[in-house]
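Trainee: So that we are looking at the same thing, I have put the structure below in structure tokens.
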Amino acid sequence: AAKETYSFQTEVGRLLDIVAGSLYSNREIFLRELVSNASDACDRLRYLAITSPSLVEGDQQFRIEISLDAKAKTITIRDNGVGMNHDDLLETLGTIARSGTAAYLETLDKGDKKNGKRDLSLIGQFGVGFYSAFMVSDRVDVVTRKAGEAEAWLWSSDGKGEFSIEPAERDERGTTVTLHIK
């Protein structure tokens with residue numbers, strides 16, 4: 001018989017429960033993880049703006065805002081960092097354990113062999129922290145617009161195995177993550 005190769009079949013919702021439950025003993029950790037992601041997005045844009053100042057034109061004060069809406073049962077984390085486009089959403093949020101930060105640092109390391117050492121330390125390098133949001137929410141919506149681009153996107157998932165990406169409205173660069181609390 002010929003050799004056959006298969007991909008593992010997974011129940012993504014269950015896998016997310018296991019990963020989040022194993023890595024995080026406190027449900028509140030999701031907030032730290034999402035703020036860390038927002039901080040990394042601001043740091044990435046700050047670094048990119050050194051060579052491309054137009055990326056921060058009109059809004060050079062980086063910020064992260066957290067808001068609660070008890071009536072709507074939502075928690076929102078908003079930043080004005082680098083943001084994401086459609087492909088970034090697929091690569092990072094659409095692939096569990098794929099870290100945009102780790103990939104970015106790898107790219108910097110390749111360039112640094114020519115230019116010397118990098119002076120940038122980013123937090124989220126393992127690609128699973130974002131998914132801790134599903135420990136406390138029924139649905140997560142991410143509205144984002146990448147710096148230097150005109151299109152905004154909405155990524156949405158209930159954490160049970162599927163996600164959607166569609167065009168959205170956002171006037172400025174950055175990302176807004178809204179958790180719909182259980």
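Residues in the structure tokens are numbered from 1 in each chain, the chains being A, B, ... in the order shown, and ligands are numbered from 1 in the order shown.
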Counting only C-alpha atoms, what is within 12 Å of Glu149 (chain A), bar same-chain residues fewer than 2 positions away, as a list of chain:residue names?

Mentor: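 Contacts, in chain order: A:Ser54, A:Leu55, A:Val56, A:Val82, A:Gly83, A:Met84, A:Asn85, A:His86, A:Thr144, A:Arg145, A:Lys146, A:Ala147, A:Glu151, A:Ala152, A:Trp153, A:Arg170, A:Asp171, A:Glu172, A:Arg173, A:Gly174.
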
Trainee: May I ask which of the residues A:Val136, A:Val143, A:Ile66, A:Cys42 is the closest one to Arg27 (chain A), counting only C-alpha atoms?

Mentor: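 Ranked by minimum distance to Arg27 (chain A), first place goes to A:Val136.
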
Trainee: Give me, please, the distance in Å between CA of Ala49 (chain A) and CA of Pro167 (chain A), quoted to one decimal.

Mentor: 25.7 Å

Trainee: If we count only C-alpha atoms and set the cut-off at 6 Å, which residues sit around Gly13 (chain A), ignoring sequence neighbours fewer than 6 positions away in its own chain? Please answer as an mmCIF file with C-alpha atoms, in the first residue's frame.

Mentor:
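Below is the file out10.cif, written as the result:
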data_model
loop_
_atom_site.group_PDB
_atom_site.id
_atom_site.type_symbol
_atom_site.label_atom_id
_atom_site.label_comp_id
_atom_site.auth_asym_id
_atom_site.auth_seq_id
_atom_site.Cartn_x
_atom_site.Cartn_y
_atom_site.Cartn_z
ATOM 1 C CA GLY A 159 -14.637 30.814 19.295
ATOM 2 C CA LYS A 160 -16.330 27.589 18.280
ATOM 3 C CA GLY A 161 -14.416 26.941 15.083
#

Trainee: If I take CA of Ala70 (chain A) and CA of Asn26 (chain A), how far is one from the other in Å, to one decimal?

Mentor: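 These two atoms are separated by 21.1 Å.
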